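Listing of work.pdb; format and content: PDB, C-alpha atoms.
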```pdb
ATOM      1  CA  MET P  79       5.905 -25.976   4.453
ATOM      2  CA  VAL P  80       4.141 -22.617   4.712
ATOM      3  CA  ARG P  81       5.629 -19.384   3.405
ATOM      4  CA  LEU P  82       5.252 -16.441   5.791
ATOM      5  CA  VAL P  83       5.589 -12.814   4.676
ATOM      6  CA  PHE P  84       5.921 -10.012   7.228
ATOM      7  CA  LEU P  85       5.481  -6.511   5.845
ATOM      8  CA  GLY P  86       6.410  -3.089   7.203
ATOM      9  CA  LYS P  87       7.312  -2.986  10.877
ATOM     10  CA  PHE P  88       6.472  -6.680  11.290
ATOM     11  CA  GLY P  89       9.295  -7.394   8.825
ATOM     12  CA  ASP P  90      11.791  -5.683  11.135
ATOM     13  CA  LEU P  91      10.792  -8.012  13.982
ATOM     14  CA  ALA P  92      10.562 -11.320  12.095
ATOM     15  CA  PRO P  93      13.708 -13.466  11.934
ATOM     16  CA  PRO P  94      14.635 -14.947   8.516
ATOM     17  CA  SER P  95      13.886 -18.419   9.932
ATOM     18  CA  LEU P  96      10.164 -17.547   9.870
ATOM     19  CA  ALA P  97      10.125 -17.030   6.089
ATOM     20  CA  GLN P  98       9.373 -20.700   5.536
ATOM     21  CA  VAL P  99       8.166 -22.970   8.302
ATOM     22  CA  ALA P 100       7.018 -26.542   8.678
ATOM     23  CA  LEU P 101       3.476 -26.313   9.960
ATOM     24  CA  PRO P 102       3.378 -27.439  13.598
ATOM     25  CA  ARG P 103       0.842 -30.188  14.267
ATOM     26  CA  GLU P 104      -1.319 -27.915  16.457
ATOM     27  CA  VAL P 105      -1.673 -25.211  13.768
ATOM     28  CA  LYS P 106      -4.868 -25.795  11.805
ATOM     29  CA  THR P 107      -6.167 -22.250  11.204
ATOM     30  CA  LEU P 108      -4.902 -18.719  10.631
ATOM     31  CA  ALA P 109      -5.725 -17.894  14.268
ATOM     32  CA  ASP P 110      -3.623 -20.901  15.414
ATOM     33  CA  LEU P 111      -0.781 -19.740  13.168
ATOM     34  CA  LYS P 112      -0.884 -16.216  14.596
ATOM     35  CA  SER P 113      -0.799 -17.565  18.178
ATOM     36  CA  TRP P 114       2.043 -19.944  17.339
ATOM     37  CA  ILE P 115       4.090 -17.064  15.871
ATOM     38  CA  GLY P 116       3.400 -15.058  19.041
ATOM     39  CA  ARG P 117       4.786 -17.878  21.174
ATOM     40  CA  ALA P 118       7.817 -18.415  18.919
ATOM     41  CA  GLU P 119       8.623 -14.693  18.623
ATOM     42  CA  PRO P 120       7.074 -12.788  21.540
ATOM     43  CA  GLY P 121       8.229  -9.353  20.276
ATOM     44  CA  LEU P 122       6.580  -9.920  16.919
ATOM     45  CA  GLY P 123       3.513 -11.414  18.621
ATOM     46  CA  ARG P 124       3.126  -8.299  20.795
ATOM     47  CA  ALA P 125       3.480  -6.015  17.772
ATOM     48  CA  MET P 126       0.753  -7.976  15.970
ATOM     49  CA  GLU P 127      -1.505  -7.728  19.019
ATOM     50  CA  ASN P 128      -0.914  -3.995  19.532
ATOM     51  CA  THR P 129      -1.289  -3.028  15.871
ATOM     52  CA  PRO P 130      -4.331  -3.911  13.806
ATOM     53  CA  ALA P 131      -2.858  -6.582  11.527
ATOM     54  CA  ARG P 132      -4.536  -7.774   8.337
ATOM     55  CA  LEU P 133      -3.843 -11.281   7.130
ATOM     56  CA  VAL P 134      -3.564 -12.242   3.488
ATOM     57  CA  LEU P 135      -3.808 -15.910   2.501
ATOM     58  CA  ASN P 136      -2.476 -16.843  -0.942
ATOM     59  CA  GLN P 137      -2.767 -13.191  -2.050
ATOM     60  CA  CYS P 138      -6.407 -12.813  -0.918
ATOM     61  CA  VAL P 139      -7.478 -10.838   2.163
ATOM     62  CA  ALA P 140      -8.471 -13.242   4.944
ATOM     63  CA  LEU P 141     -11.213 -11.726   7.072
ATOM     64  CA  ASP P 142     -11.987 -14.977   8.870
ATOM     65  CA  LEU P 143      -9.134 -16.241  11.031
ATOM     66  CA  SER P 144     -10.852 -19.618  11.395
ATOM     67  CA  HIS P 145      -9.815 -20.285   7.779
ATOM     68  CA  ALA P 146      -7.668 -23.435   7.467
ATOM     69  CA  VAL P 147      -3.943 -23.235   6.746
ATOM     70  CA  SER P 148      -2.323 -26.035   4.753
ATOM     71  CA  ASP P 149       1.059 -27.012   3.382
ATOM     72  CA  GLY P 150       1.998 -24.870   0.379
ATOM     73  CA  ASP P 151       0.061 -21.809   1.546
ATOM     74  CA  GLU P 152       1.503 -18.300   1.684
ATOM     75  CA  VAL P 153       0.349 -16.157   4.606
ATOM     76  CA  ALA P 154       1.207 -12.456   4.833
ATOM     77  CA  PHE P 155       0.886 -10.214   7.891
ATOM     78  CA  LEU P 156       0.149  -6.571   7.052
ATOM     79  CA  PRO P 157       0.405  -3.676   9.532
ATOM     80  CA  PRO P 158      -1.549  -0.455   8.788
ATOM     81  CA  MET P 159      -0.720   0.761   5.301
ATOM     82  CA  SER P 160       0.821   4.092   4.373
ATOM     83  CA  GLY P 161       1.009   4.702   0.651
ATOM     84  CA  GLY P 162       0.729   7.892  -1.342
TER      85      GLY P 162
ATOM     86  CA  MET I  42      -6.311   1.597 -16.395
ATOM     87  CA  ALA I  43      -2.592   1.384 -15.729
ATOM     88  CA  VAL I  44      -0.924   0.640 -12.415
ATOM     89  CA  ARG I  45       2.827   0.439 -12.200
ATOM     90  CA  ILE I  46       5.116  -0.173  -9.246
ATOM     91  CA  ALA I  47       8.392   1.619  -9.975
ATOM     92  CA  LEU I  48      11.565   0.157  -8.486
ATOM     93  CA  GLU I  49      13.639   3.053  -9.837
ATOM     94  CA  PRO I  50      13.103   6.861 -10.032
ATOM     95  CA  PHE I  51      10.537   7.837 -12.677
ATOM     96  CA  ASP I  52       9.745  11.005 -14.623
ATOM     97  CA  PRO I  53       6.135  12.035 -13.803
ATOM     98  CA  GLN I  54       5.898  14.399 -16.778
ATOM     99  CA  ALA I  55       7.018  11.754 -19.268
ATOM    100  CA  GLU I  56       4.644   9.187 -17.695
ATOM    101  CA  THR I  57       1.733  11.650 -17.881
ATOM    102  CA  ALA I  58       2.526  12.589 -21.493
ATOM    103  CA  ARG I  59       2.597   8.901 -22.513
ATOM    104  CA  PHE I  60      -0.672   8.278 -20.656
ATOM    105  CA  ALA I  61      -2.507  11.119 -22.408
ATOM    106  CA  ALA I  62      -0.941  10.701 -25.867
ATOM    107  CA  GLY I  63      -3.509  10.292 -28.621
ATOM    108  CA  ARG I  64      -6.528  10.439 -26.304
ATOM    109  CA  ASP I  65      -9.257  12.425 -27.991
ATOM    110  CA  ASP I  66     -12.060  10.944 -25.852
ATOM    111  CA  ALA I  67     -11.294  13.164 -22.841
ATOM    112  CA  GLY I  68     -11.622  16.903 -22.318
ATOM    113  CA  ALA I  69      -9.659  16.973 -19.065
ATOM    114  CA  LEU I  70      -6.389  15.597 -17.763
ATOM    115  CA  VAL I  71      -5.563  16.114 -14.070
ATOM    116  CA  SER I  72      -2.430  14.778 -12.427
ATOM    117  CA  PHE I  73      -0.953  14.806  -8.945
ATOM    118  CA  VAL I  74       2.647  14.065  -7.983
ATOM    119  CA  GLY I  75       3.657  13.291  -4.394
ATOM    120  CA  LEU I  76       7.291  14.122  -3.616
ATOM    121  CA  CYS I  77       9.662  12.974  -0.892
ATOM    122  CA  ARG I  78      10.195  15.884   1.538
ATOM    123  CA  ALA I  79      13.577  16.688   3.070
ATOM    124  CA  ALA I  80      11.942  17.233   6.471
ATOM    125  CA  THR I  81       8.745  16.189   8.173
ATOM    126  CA  GLY I  82       7.385  17.764  11.347
ATOM    127  CA  GLY I  83      10.660  19.634  11.808
ATOM    128  CA  ALA I  84      12.768  16.455  11.623
ATOM    129  CA  ALA I  85      15.183  15.945   8.734
ATOM    130  CA  VAL I  86      14.481  13.026   6.391
ATOM    131  CA  GLU I  87      17.595  11.517   4.848
ATOM    132  CA  GLU I  88      15.859   8.624   3.191
ATOM    133  CA  LEU I  89      12.440   7.133   2.706
ATOM    134  CA  ARG I  90      11.919   3.433   2.168
ATOM    135  CA  ILE I  91       8.666   1.997   0.877
ATOM    136  CA  ASP I  92       7.945  -1.721   1.119
ATOM    137  CA  HIS I  93       5.362  -3.499  -0.984
ATOM    138  CA  TYR I  94       3.984  -7.010  -1.264
ATOM    139  CA  PRO I  95       4.648  -8.000  -4.878
ATOM    140  CA  GLY I  96       1.532  -9.149  -6.690
ATOM    141  CA  PHE I  97      -0.889  -8.228  -3.931
ATOM    142  CA  THR I  98       0.059  -4.536  -3.944
ATOM    143  CA  GLU I  99      -0.493  -4.231  -7.709
ATOM    144  CA  LYS I 100      -3.784  -6.154  -7.475
ATOM    145  CA  GLU I 101      -5.145  -3.979  -4.654
ATOM    146  CA  ILE I 102      -4.138  -0.675  -6.291
ATOM    147  CA  ALA I 103      -5.727  -1.874  -9.552
ATOM    148  CA  ARG I 104      -8.945  -2.641  -7.645
ATOM    149  CA  LEU I 105      -8.999   0.844  -6.039
ATOM    150  CA  THR I 106      -8.217   2.430  -9.413
ATOM    151  CA  GLU I 107     -11.024   0.590 -11.215
ATOM    152  CA  GLU I 108     -13.474   1.493  -8.442
ATOM    153  CA  THR I 109     -12.506   5.176  -8.769
ATOM    154  CA  ALA I 110     -12.782   5.119 -12.568
ATOM    155  CA  ARG I 111     -16.288   3.617 -12.375
ATOM    156  CA  ARG I 112     -17.391   6.100  -9.751
ATOM    157  CA  PHE I 113     -16.208   9.181 -11.635
ATOM    158  CA  ASP I 114     -16.813   7.850 -15.142
ATOM    159  CA  CYS I 115     -13.158   8.235 -16.131
ATOM    160  CA  PRO I 116     -12.154   6.585 -19.391
ATOM    161  CA  ASP I 117      -8.664   6.086 -18.009
ATOM    162  CA  LEU I 118      -6.594   6.433 -14.819
ATOM    163  CA  LEU I 119      -2.879   6.029 -14.190
ATOM    164  CA  VAL I 120      -1.050   5.219 -10.957
ATOM    165  CA  VAL I 121       2.737   4.978 -10.730
ATOM    166  CA  HIS I 122       4.074   4.329  -7.221
ATOM    167  CA  ARG I 123       7.718   4.121  -6.216
ATOM    168  CA  VAL I 124       8.979   1.463  -3.822
ATOM    169  CA  GLY I 125      12.406   0.836  -2.344
ATOM    170  CA  ARG I 126      14.825   3.604  -1.306
ATOM    171  CA  ILE I 127      13.686   7.114  -2.182
ATOM    172  CA  GLU I 128      15.674  10.308  -1.709
ATOM    173  CA  PRO I 129      14.267  13.771  -0.889
ATOM    174  CA  GLY I 130      13.061  15.528  -4.028
ATOM    175  CA  GLU I 131      12.201  12.302  -5.866
ATOM    176  CA  ALA I 132       8.646  11.507  -6.927
ATOM    177  CA  ILE I 133       6.862   8.951  -4.751
ATOM    178  CA  VAL I 134       3.540   8.717  -6.524
ATOM    179  CA  LEU I 135       1.817   9.909  -9.696
ATOM    180  CA  VAL I 136      -1.953   9.733 -10.126
ATOM    181  CA  ALA I 137      -3.461  10.971 -13.385
ATOM    182  CA  ALA I 138      -7.073  10.941 -14.563
ATOM    183  CA  LEU I 139      -8.719  11.527 -17.913
ATOM    184  CA  SER I 140     -12.373  12.505 -18.034
ATOM    185  CA  VAL I 141     -14.844  14.248 -20.299
ATOM    186  CA  HIS I 142     -15.080  17.300 -18.000
ATOM    187  CA  ARG I 143     -12.642  18.634 -15.404
ATOM    188  CA  ALA I 144     -14.725  18.171 -12.240
ATOM    189  CA  ASN I 145     -14.637  14.372 -12.462
ATOM    190  CA  ALA I 146     -10.907  14.275 -13.195
ATOM    191  CA  PHE I 147     -10.126  16.486 -10.153
ATOM    192  CA  GLU I 148     -12.366  14.388  -7.888
ATOM    193  CA  ALA I 149     -11.011  11.079  -9.175
ATOM    194  CA  VAL I 150      -7.411  12.096  -8.458
ATOM    195  CA  LYS I 151      -8.295  13.375  -4.982
ATOM    196  CA  VAL I 152     -10.280  10.293  -3.991
ATOM    197  CA  LEU I 153      -7.754   7.838  -5.415
ATOM    198  CA  MET I 154      -4.977   9.589  -3.454
ATOM    199  CA  ASP I 155      -7.106   9.249  -0.294
ATOM    200  CA  TYR I 156      -7.493   5.528  -1.010
ATOM    201  CA  LEU I 157      -3.748   5.122  -1.573
ATOM    202  CA  LYS I 158      -2.962   6.750   1.802
ATOM    203  CA  THR I 159      -4.984   4.249   3.811
ATOM    204  CA  ASP I 160      -5.779   1.217   1.638
ATOM    205  CA  ALA I 161      -2.827   0.548  -0.673
ATOM    206  CA  PRO I 162      -0.531  -2.233   0.587
ATOM    207  CA  LEU I 163       2.538  -0.019   0.950
ATOM    208  CA  TRP I 164       4.601   0.730   4.053
ATOM    209  CA  LYS I 165       6.745   3.842   4.480
ATOM    210  CA  LYS I 166       9.794   4.106   6.724
ATOM    211  CA  GLU I 167      11.518   7.440   7.222
ATOM    212  CA  SER I 168      15.148   7.626   8.307
ATOM    213  CA  GLY I 169      16.936  10.692   9.639
ATOM    214  CA  PRO I 170      19.655  11.698  12.090
ATOM    215  CA  ASP I 171      17.399  10.659  14.996
ATOM    216  CA  GLY I 172      16.774   7.148  13.669
ATOM    217  CA  ALA I 173      14.095   5.443  11.617
ATOM    218  CA  ARG I 174      10.335   5.171  12.073
ATOM    219  CA  TRP I 175       7.464   3.496  10.263
ATOM    220  CA  ILE I 176       4.769   5.916   9.104
ATOM    221  CA  GLU I 177       1.123   5.114   9.727
ATOM    222  CA  PRO I 178      -1.880   6.912   8.231
ATOM    223  CA  ARG I 179      -2.801  10.084  10.152
ATOM    224  CA  ALA I 180      -6.248  10.571  11.679
ATOM    225  CA  GLU I 181      -7.040  13.076   8.913
ATOM    226  CA  ASP I 182      -6.206  10.443   6.264
ATOM    227  CA  HIS I 183      -8.808   8.113   7.794
ATOM    228  CA  THR I 184     -11.316  10.986   8.063
ATOM    229  CA  ARG I 185     -10.905  11.813   4.369
ATOM    230  CA  ARG I 186     -11.217   8.120   3.488
ATOM    231  CA  ARG I 187     -14.462   7.805   5.508
ATOM    232  CA  GLN I 188     -15.821  10.963   3.894
ATOM    233  CA  ALA I 189     -15.103   9.510   0.452
ATOM    234  CA  GLU I 190     -17.074   6.381   1.413
ATOM    235  CA  LYS I 191     -19.984   8.512   2.673
ATOM    236  CA  ASP I 192     -20.026  10.564  -0.524
ATOM    237  CA  MET I 193     -20.185   7.350  -2.509
ATOM    238  CA  ALA I 194     -23.127   5.945  -0.523
TER     239      ALA I 194
END
```

Representation of the structure as structure tokens:
Amino acid sequence: MVRLVFLGKFGDLAPPSLAQVALPREVKTLADLKSWIGRAEPGLGRAMENTPARLVLNQCVALDLSHAVSDGDEVAFLPPMSGG
Amino acid sequence: MAVRIALEPFDPQAETARFAAGRDDAGALVSFVGLCRAATGGAAVEELRIDHYPGFTEKEIARLTEETARRFDCPDLLVVHRVGRIEPGEAIVLVAALSVHRANAFEAVKVLMDYLKTDAPLWKKESGPDGARWIEPRAEDHTRRRQAEKDMA
């Protein structure tokens, strides 16, 4: 299982069923995971295409989407930030 | 360095007093408090909600804080940032800096606030009579952030 965290406006579009998912066989990398989410939830997929999304793997920023995803990982999807 | 995510309202003056208590290594203390406005761009704000990513948010703000302290030679910096539901008039963020002389403390607070606007993993949602909307950094926030990077180079 992989834990998925959707922050900010992505959180509004992600159904609770996406919080924890069994990794589909075809998902090997972060890029695969992002595409799979886009197919499963087209509204969320569009939002992640239209907004620069940063990915965080196990609490570390993932700049390379070819990074492997494995069972037990936590992947977070971050829209542009707005603190302060 | 101290970074705290506050789930409940906090008292900026009490936090600042605690931060500076007993410090005789600094000649300047500068603090900034960001407050929740009752209106933005002419539209009423009934409530602000700020989301964070527990663990990662604290780690990233600590990284930005340490970078700022190194750059401006501050012996200590404090960041307290609210998350959750915030009402107009409540404090959203407190940034305080101690330094030997005032110029560095002023600069450190300004630059750290610029970082927080664009680089801290926090997401603001404003709600009012016309509905709710997620806030994204303004062009001027990015400009200030780029300028800070240039100044550092």

**OP:** Tell me which protein, DNA and RNA residues are within 12 Å of Glu177 in chain I, counting only C-alpha atoms, leaving out same-chain ones fewer than 2 positions away, and put them as a VMD selection string.
**Re:** (chain P and resid 86 to 87 129 to 130 157 to 162) or (chain I and resid 158 to 160 162 to 167 174 to 175 179 to 183)

Subject >> Nearest to Asp117 in chain I by atom-to-atom distance, counting only C-alpha atoms, from I:Ala80, I:Met42, I:Ile133, I:Met154 >> reply: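 Closest candidate: I:Met42.
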
**OP:** Output the residue selection produced by the ChimeraX specification (/P :<12) & /I on the file above, formatted as a PyMOL selection string.
**Re:** chain I and resi 46+73-77+89-102+120-125+132-136+150-167+173-179+182-183

For Thr107 in chain P: contacts at 12 Å, all atoms listed in the file, fewer than 2 positions along chain excluded, given as a PDB file with C-alpha atoms, in the frame of the given file:
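So out35.pdb came out as:
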```pdb
ATOM      1  CA  LEU P 101       3.476 -26.313   9.960  1.00  0.00           C
ATOM      2  CA  PRO P 102       3.378 -27.439  13.598  1.00  0.00           C
ATOM      3  CA  ARG P 103       0.842 -30.188  14.267  1.00  0.00           C
ATOM      4  CA  GLU P 104      -1.319 -27.915  16.457  1.00  0.00           C
ATOM      5  CA  VAL P 105      -1.673 -25.211  13.768  1.00  0.00           C
ATOM      6  CA  ALA P 109      -5.725 -17.894  14.268  1.00  0.00           C
ATOM      7  CA  ASP P 110      -3.623 -20.901  15.414  1.00  0.00           C
ATOM      8  CA  LEU P 111      -0.781 -19.740  13.168  1.00  0.00           C
ATOM      9  CA  LYS P 112      -0.884 -16.216  14.596  1.00  0.00           C
ATOM     10  CA  SER P 113      -0.799 -17.565  18.178  1.00  0.00           C
ATOM     11  CA  TRP P 114       2.043 -19.944  17.339  1.00  0.00           C
ATOM     12  CA  LEU P 133      -3.843 -11.281   7.130  1.00  0.00           C
ATOM     13  CA  LEU P 135      -3.808 -15.910   2.501  1.00  0.00           C
ATOM     14  CA  ALA P 140      -8.471 -13.242   4.944  1.00  0.00           C
ATOM     15  CA  ASP P 142     -11.987 -14.977   8.870  1.00  0.00           C
ATOM     16  CA  LEU P 143      -9.134 -16.241  11.031  1.00  0.00           C
ATOM     17  CA  SER P 144     -10.852 -19.618  11.395  1.00  0.00           C
ATOM     18  CA  HIS P 145      -9.815 -20.285   7.779  1.00  0.00           C
ATOM     19  CA  ALA P 146      -7.668 -23.435   7.467  1.00  0.00           C
ATOM     20  CA  VAL P 147      -3.943 -23.235   6.746  1.00  0.00           C
ATOM     21  CA  SER P 148      -2.323 -26.035   4.753  1.00  0.00           C
ATOM     22  CA  ASP P 149       1.059 -27.012   3.382  1.00  0.00           C
ATOM     23  CA  ASP P 151       0.061 -21.809   1.546  1.00  0.00           C
ATOM     24  CA  VAL P 153       0.349 -16.157   4.606  1.00  0.00           C
TER      25      VAL P 153
END
```

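CA of Arg45 in chain I is positioned 22.8 Å from CA of Asp66 in chain I.
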
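Distances here use all atoms listed in the file; by that measure, the residue among P:Ala100, P:Ile115, P:Leu122, P:Leu108 closest to Phe88 in chain P is P:Leu122.
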
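Picture a line from CA of Val80 in chain P to CA of Gly150 in chain P; it runs 5.3 Å.
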
Subject >> Straight-line distance linking CA of Gly172 in chain I with CA of Thr184 in chain I, stated in Å to one decimal >> reply: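 Separating CA of Gly172 in chain I from CA of Thr184 in chain I is a distance of 28.9 Å.
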
Original post:
Looking at all atoms listed in the file, which of P:Arg124, P:Lys106, P:Arg117, P:Arg132 is the one that sits closest to Phe155 in chain P?
Top reply: P:Arg132

Original post:
How would you write, as an MDAnalysis selection string, the residues chosen by the PyMOL selection byres ((chain P and resi 99) around 8) on this structure?
Top reply: chainID P and resid 79:82 95:98 100:101

**OP:** Mind checking which residues fall within 8 Å of Leu139 in chain I, counting all atoms listed in the file, ignoring those fewer than 6 positions away in the same chain, and posting them as a PyMOL selection string?
**Re:** chain I and resi 61+67-71+115-118+146

Subject >> Picked residues, the PyMOL selection byres ((chain I and resi 84-87) around 9), expected as a list in words >> reply: Cys77, Arg78, Ala79, Ala80, Thr81, Gly82, Gly83, Glu88, Leu89, Glu128, Pro129, Glu167, Ser168, Gly169, Pro170 and Asp171 of chain I

Incomplete range 83-103 of chain P filled out to N, CA and C atoms as a short mmCIF file (atom, residue, chain, number, x, y, z; two decimals), in the frame of the given file:
```cif
data_model
loop_
_atom_site.label_atom_id
_atom_site.label_comp_id
_atom_site.auth_asym_id
_atom_site.auth_seq_id
_atom_site.Cartn_x
_atom_site.Cartn_y
_atom_site.Cartn_z
N VAL P 83 5.08 -14.11 5.15
CA VAL P 83 5.59 -12.81 4.68
C VAL P 83 5.19 -11.76 5.71
N PHE P 84 6.19 -11.06 6.23
CA PHE P 84 5.92 -10.01 7.23
C PHE P 84 6.27 -8.67 6.61
N LEU P 85 5.28 -7.80 6.50
CA LEU P 85 5.48 -6.51 5.84
C LEU P 85 5.69 -5.39 6.86
N GLY P 86 6.26 -4.29 6.38
CA GLY P 86 6.41 -3.09 7.20
C GLY P 86 7.12 -3.40 8.50
N LYS P 87 6.59 -2.85 9.60
CA LYS P 87 7.31 -2.99 10.88
C LYS P 87 7.36 -4.44 11.35
N PHE P 88 6.41 -5.26 10.91
CA PHE P 88 6.47 -6.68 11.29
C PHE P 88 7.73 -7.33 10.69
N GLY P 89 8.11 -6.85 9.49
CA GLY P 89 9.30 -7.39 8.82
C GLY P 89 10.57 -7.14 9.62
N ASP P 90 10.61 -6.00 10.32
CA ASP P 90 11.79 -5.68 11.14
C ASP P 90 11.93 -6.64 12.32
N LEU P 91 10.80 -7.19 12.77
CA LEU P 91 10.79 -8.01 13.98
C LEU P 91 10.83 -9.51 13.69
N ALA P 92 10.64 -9.89 12.43
CA ALA P 92 10.56 -11.32 12.10
C ALA P 92 11.93 -11.85 11.69
N PRO P 93 12.41 -12.90 12.34
CA PRO P 93 13.71 -13.47 11.93
C PRO P 93 13.58 -14.19 10.59
N PRO P 94 14.69 -14.28 9.83
CA PRO P 94 14.64 -14.95 8.52
C PRO P 94 14.12 -16.38 8.61
N SER P 95 14.33 -17.02 9.79
CA SER P 95 13.89 -18.42 9.93
C SER P 95 12.37 -18.56 9.81
N LEU P 96 11.63 -17.46 9.96
CA LEU P 96 10.16 -17.55 9.87
C LEU P 96 9.65 -17.43 8.42
N ALA P 97 10.57 -17.23 7.48
CA ALA P 97 10.12 -17.03 6.09
C ALA P 97 9.45 -18.29 5.54
N GLN P 98 9.94 -19.42 5.99
CA GLN P 98 9.37 -20.70 5.54
C GLN P 98 9.38 -21.64 6.73
N VAL P 99 8.22 -22.13 7.10
CA VAL P 99 8.17 -22.97 8.30
C VAL P 99 7.37 -24.25 8.03
N ALA P 100 7.81 -25.31 8.71
CA ALA P 100 7.02 -26.54 8.68
C ALA P 100 5.85 -26.31 9.63
N LEU P 101 4.67 -26.60 9.17
CA LEU P 101 3.48 -26.31 9.96
C LEU P 101 3.44 -27.21 11.20
N PRO P 102 3.47 -26.60 12.40
CA PRO P 102 3.38 -27.44 13.60
C PRO P 102 2.04 -28.18 13.62
N ARG P 103 2.03 -29.33 14.24
CA ARG P 103 0.84 -30.19 14.27
C ARG P 103 -0.39 -29.46 14.81
#
```
